[in-house]
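Chemist: Structure file start.cif (mmCIF, C-alpha atoms) is given on the next line.
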```cif
data_upload
loop_
_atom_site.label_atom_id
_atom_site.label_comp_id
_atom_site.auth_asym_id
_atom_site.auth_seq_id
_atom_site.Cartn_x
_atom_site.Cartn_y
_atom_site.Cartn_z
CA MET A 28 94.08 124.36 79.56
CA SER A 29 95.75 121.03 80.34
CA VAL A 30 93.86 117.90 79.45
CA ASN A 31 93.26 114.80 81.50
CA VAL A 32 95.08 111.67 80.42
CA THR A 33 93.82 108.25 81.41
CA THR A 34 96.42 105.52 81.14
CA GLY A 35 95.86 102.10 79.72
CA PRO A 36 96.46 99.21 82.12
CA ALA A 37 99.49 100.13 84.26
CA THR A 38 101.04 99.06 87.55
CA LEU A 39 100.95 101.02 90.82
CA SER A 40 104.19 101.38 92.75
CA TRP A 41 104.50 102.91 96.23
CA PRO A 42 100.80 103.82 96.42
CA HIS A 43 99.85 106.08 99.33
CA LEU A 44 96.19 106.58 98.50
CA ALA A 45 94.22 105.69 101.64
CA GLU A 46 94.77 108.98 103.47
CA LEU A 47 96.56 112.30 103.09
CA GLU A 48 100.16 112.07 104.32
CA ALA A 49 102.92 114.66 104.73
CA ARG A 50 105.98 112.94 103.27
CA ASN A 51 109.63 113.85 102.88
CA GLY A 52 109.31 117.02 104.94
CA ASN A 53 106.56 118.32 102.67
CA SER A 54 104.25 120.52 104.72
CA LYS A 55 101.22 119.76 102.54
CA PRO A 56 99.67 116.35 103.14
CA LYS A 57 98.77 114.51 99.95
CA VAL A 58 98.02 111.17 98.37
CA SER A 59 100.44 109.84 95.79
CA THR A 60 101.54 106.89 93.73
CA ALA A 61 104.17 106.01 91.18
CA VAL A 62 102.70 104.63 87.96
CA MET A 63 104.46 102.17 85.66
CA VAL A 64 103.24 102.20 82.06
CA PRO A 65 104.50 99.35 79.86
CA LYS A 66 106.71 100.70 77.07
CA SER A 67 104.53 98.73 74.65
CA ASP A 68 101.61 101.10 75.47
CA THR A 69 102.74 103.79 73.06
CA THR A 70 99.27 105.36 72.96
CA THR A 71 99.38 106.20 76.68
CA ILE A 72 103.03 107.29 76.58
CA GLU A 73 102.42 109.65 73.65
CA ALA A 74 99.34 111.11 75.38
CA LEU A 75 101.40 111.72 78.56
CA LYS A 76 104.20 113.38 76.56
CA ALA A 77 101.66 115.60 74.76
CA ALA A 78 100.12 116.63 78.10
CA VAL A 79 103.58 117.56 79.46
CA ARG A 80 104.32 119.63 76.33
CA GLU A 81 100.96 121.37 76.57
CA ALA A 82 101.38 122.23 80.26
CA ALA A 83 104.86 123.64 79.60
CA ALA A 84 103.61 125.69 76.63
CA GLU A 85 100.73 127.10 78.71
CA LYS A 86 103.17 128.32 81.38
CA TRP A 87 106.18 129.42 79.33
CA GLY A 88 104.97 129.67 75.72
CA THR A 89 107.84 129.13 73.30
CA LYS A 90 110.46 129.91 76.00
CA VAL A 91 110.40 126.58 77.83
CA PRO A 92 113.32 126.50 80.31
CA LYS A 93 116.23 124.31 79.24
CA SER A 94 116.54 122.90 82.76
CA LEU A 95 112.85 121.90 82.90
CA ARG A 96 112.14 118.96 85.22
CA THR A 97 109.82 116.48 83.55
CA PRO A 98 107.81 113.68 85.19
CA LEU A 99 108.37 110.82 82.74
CA LYS A 100 111.29 108.50 83.54
CA ASP A 101 112.74 105.46 81.79
CA GLY A 102 112.22 102.51 84.14
CA ASP A 103 115.19 100.73 82.55
CA ASN A 104 117.40 103.27 84.37
CA SER A 105 115.73 102.67 87.75
CA ASP A 106 117.20 100.97 90.80
CA TYR A 107 113.98 98.92 91.01
CA GLU A 108 114.00 95.89 88.73
CA GLU A 109 110.18 95.80 88.48
CA GLN A 110 110.30 99.17 86.67
CA ALA A 111 112.33 97.77 83.75
CA GLY A 112 110.37 97.83 80.51
CA HIS A 113 108.17 100.70 81.73
CA VAL A 114 107.90 104.46 81.57
CA THR A 115 107.29 105.66 85.12
CA PHE A 116 105.94 108.82 86.69
CA ASN A 117 104.67 110.05 90.04
CA ALA A 118 101.23 111.58 90.52
CA SER A 119 99.81 113.23 93.62
CA SER A 120 96.90 115.27 94.94
CA ILE A 121 96.30 117.45 97.99
CA ARG A 122 92.84 115.84 98.21
CA ARG A 123 91.89 112.18 98.46
CA VAL A 124 90.99 110.97 95.00
CA PRO A 125 88.26 108.51 94.08
CA ILE A 126 89.40 104.91 93.78
CA VAL A 127 87.00 102.73 91.86
CA GLY A 128 86.83 99.17 90.59
CA THR A 129 86.07 97.93 87.11
CA ASP A 130 82.38 98.35 87.99
CA LEU A 131 83.15 102.09 88.55
CA LEU A 132 81.85 101.88 92.14
CA PRO A 133 83.99 103.61 94.78
CA PHE A 134 86.17 101.53 97.08
CA SER A 135 85.61 101.61 100.84
CA ASP A 136 88.58 102.41 103.07
CA GLU A 137 88.80 98.71 103.95
CA ARG A 138 88.89 97.71 100.30
CA ILE A 139 91.58 100.31 99.59
CA ALA A 140 93.70 98.81 102.39
CA GLU A 141 93.28 95.30 100.93
CA GLU A 142 93.42 95.91 97.19
CA VAL A 143 95.64 98.94 96.60
CA TYR A 144 99.28 97.86 96.79
CA GLY A 145 102.55 98.06 94.88
CA GLY A 146 102.13 95.71 91.94
CA GLN A 147 98.36 96.21 91.59
CA LYS A 148 97.11 96.71 88.03
CA ALA A 149 95.18 99.94 87.52
CA ARG A 150 94.26 102.73 85.14
CA VAL A 151 95.13 106.20 86.38
CA ALA A 152 93.65 109.57 85.37
CA VAL A 153 96.09 112.48 85.67
CA ARG A 154 96.37 116.13 84.63
CA ALA A 155 99.73 117.69 83.75
CA PHE A 156 100.58 121.04 85.31
CA ALA A 157 103.62 123.31 85.18
CA TYR A 158 105.22 124.72 88.33
CA GLU A 159 107.89 127.17 89.36
CA VAL A 160 108.92 126.86 93.02
CA ASP A 161 112.09 128.18 94.67
CA GLY A 162 113.86 128.43 91.31
CA SER A 163 112.87 124.92 90.26
CA LYS A 164 110.79 124.75 87.08
CA GLY A 165 109.03 121.68 85.83
CA VAL A 166 105.93 119.77 84.93
CA SER A 167 104.24 117.22 87.16
CA PHE A 168 101.06 115.17 87.18
CA GLY A 169 98.08 115.84 89.43
CA LEU A 170 96.25 112.66 90.35
CA GLN A 171 92.56 112.71 89.41
CA MET A 172 91.28 109.15 89.92
CA VAL A 173 92.43 105.51 90.09
CA GLN A 174 90.58 102.53 88.64
CA VAL A 175 91.79 99.25 90.16
CA LEU A 176 91.75 96.47 87.57
CA GLY A 177 92.76 93.57 89.81
CA GLY A 178 95.62 91.17 89.52
CA GLY A 179 99.24 92.08 89.68
CA GLU A 180 101.82 90.49 91.89
CA ARG A 181 102.50 92.40 95.12
CA PHE A 182 105.94 93.98 95.39
CA GLY A 183 107.71 96.81 97.18
CA GLY A 184 107.01 95.72 100.72
CA GLY A 185 103.64 96.08 102.30
CA ALA A 186 102.14 93.82 104.86
CA ALA A 187 102.35 90.10 104.29
CA SER A 188 99.23 88.03 104.89
CA ALA A 189 99.04 86.03 108.12
CA GLU A 190 98.61 82.85 106.07
CA SER A 191 101.83 83.48 104.10
CA LEU A 192 103.74 83.87 107.37
CA PHE A 193 102.07 81.24 109.58
CA GLY A 194 100.46 78.75 107.21
CA PRO A 195 96.78 77.80 106.95
CA ALA A 196 94.38 78.84 109.69
CA GLN A 197 93.89 76.41 112.57
CA PRO A 198 91.55 76.49 115.56
CA SER A 199 92.73 78.91 118.21
CA ALA A 200 93.84 77.51 121.56
CA SER A 201 91.24 79.74 123.19
CA GLN A 202 88.48 78.59 120.85
CA PRO A 203 87.37 74.98 120.57
CA ALA A 204 87.26 73.34 117.18
CA ALA A 205 83.80 73.23 115.61
CA ASP A 206 83.37 69.51 116.46
CA GLU A 207 84.40 69.87 120.16
CA ASP A 208 82.00 70.42 123.03
CA PRO A 209 82.74 73.96 124.25
CA LEU A 210 81.42 73.08 127.71
CA ALA A 211 83.41 69.85 128.16
CA GLY A 212 86.08 71.47 130.34
CA LEU A 213 83.64 73.07 132.81
CA MET A 214 83.50 71.83 136.41
#
```
Starting from the file, lay out its structure as structure tokens.

Modeler:
Amino acid sequence: MSVNVTTGPATLSWPHLAELEARNGNSKPKVSTAVMVPKSDTTTIEALKAAVREAAAEKWGTKVPKSLRTPLKDGDNSDYEEQAGHVTFNASSIRRVPIVGTDLLPFSDERIAEEVYGGQKARVAVRAFAYEVDGSKGVSFGLQMVQVLGGGERFGGGAASAESLFGPAQPSASQPAADEDPLAGLM
């Protein structure tokens, strides 16, 4: 039976974790994220490799297909510069997964919207599984849980904050400043 692997501190990329989504013509809605593990975290990388090997051995024994698709990619070969220096993989689930903070308390939907973004630092729990679909054979990672660690510079799009686009907040034209008499303009 495949084992869970929990990464050390990693970076989320393209997280779609707030709700189940059917993406790329896939008929099954799911949550997903790419995970970037620093190459310096050899403990996590070796644990992920071992989980992939174990999942493949469970499915095919000693006759692992030569054309096996594997989930771990070298970020130095990516088109995305932020992936350089990392080993990357995708993880998904057909169910929403728990997202917790460092206090291990679950995030609300509002907190997920604010604090789960490309560039966010997190630890991710995954389980490797082997598949054989339409002649394609491989190993992938099922997403189990995400622990948001905080920090991390936002990248990969996402909504900009109003302040970054418009500058600091100012009194609205329809609302008087705190020191103005709100009734001064009445007849």

Chemist: Residues picked by the PyMOL selection byres ((chain A and resi 129) around 9) here, as a PyMOL selection string?

Modeler: chain A and resi 127-128+130-132+174-177

Chemist: Running the PyMOL selection byres ((chain A and resi 95-108) around 12) on this model by hand, what would come out? Give it as a VMD selection string.

Modeler: chain A and resid 40 to 41 61 to 66 71 to 80 82 to 84 86 to 87 90 to 94 109 to 119 153 to 160 162 to 169 182 to 183

Chemist: Check what the PyMOL selection byres ((chain A and resi 171) around 10) selects in the file above and give those residues as a PyMOL selection string.

Modeler: chain A and resi 31-33+118-120+122-126+151-154+168-170+172-173

Chemist: Quick one, how far is atom CA of A:Leu39 from atom CA of A:Val58?

Modeler: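 Result for atom CA of A:Leu39 versus atom CA of A:Val58: 13.0 Å, one decimal.
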
Chemist: Between atom CA of A:Gly179 and atom CA of A:Asp68, what is the distance in Å, rounded to a tenth?

Modeler: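 Between atom CA of A:Gly179 and atom CA of A:Asp68 the gap is 17.0 Å.
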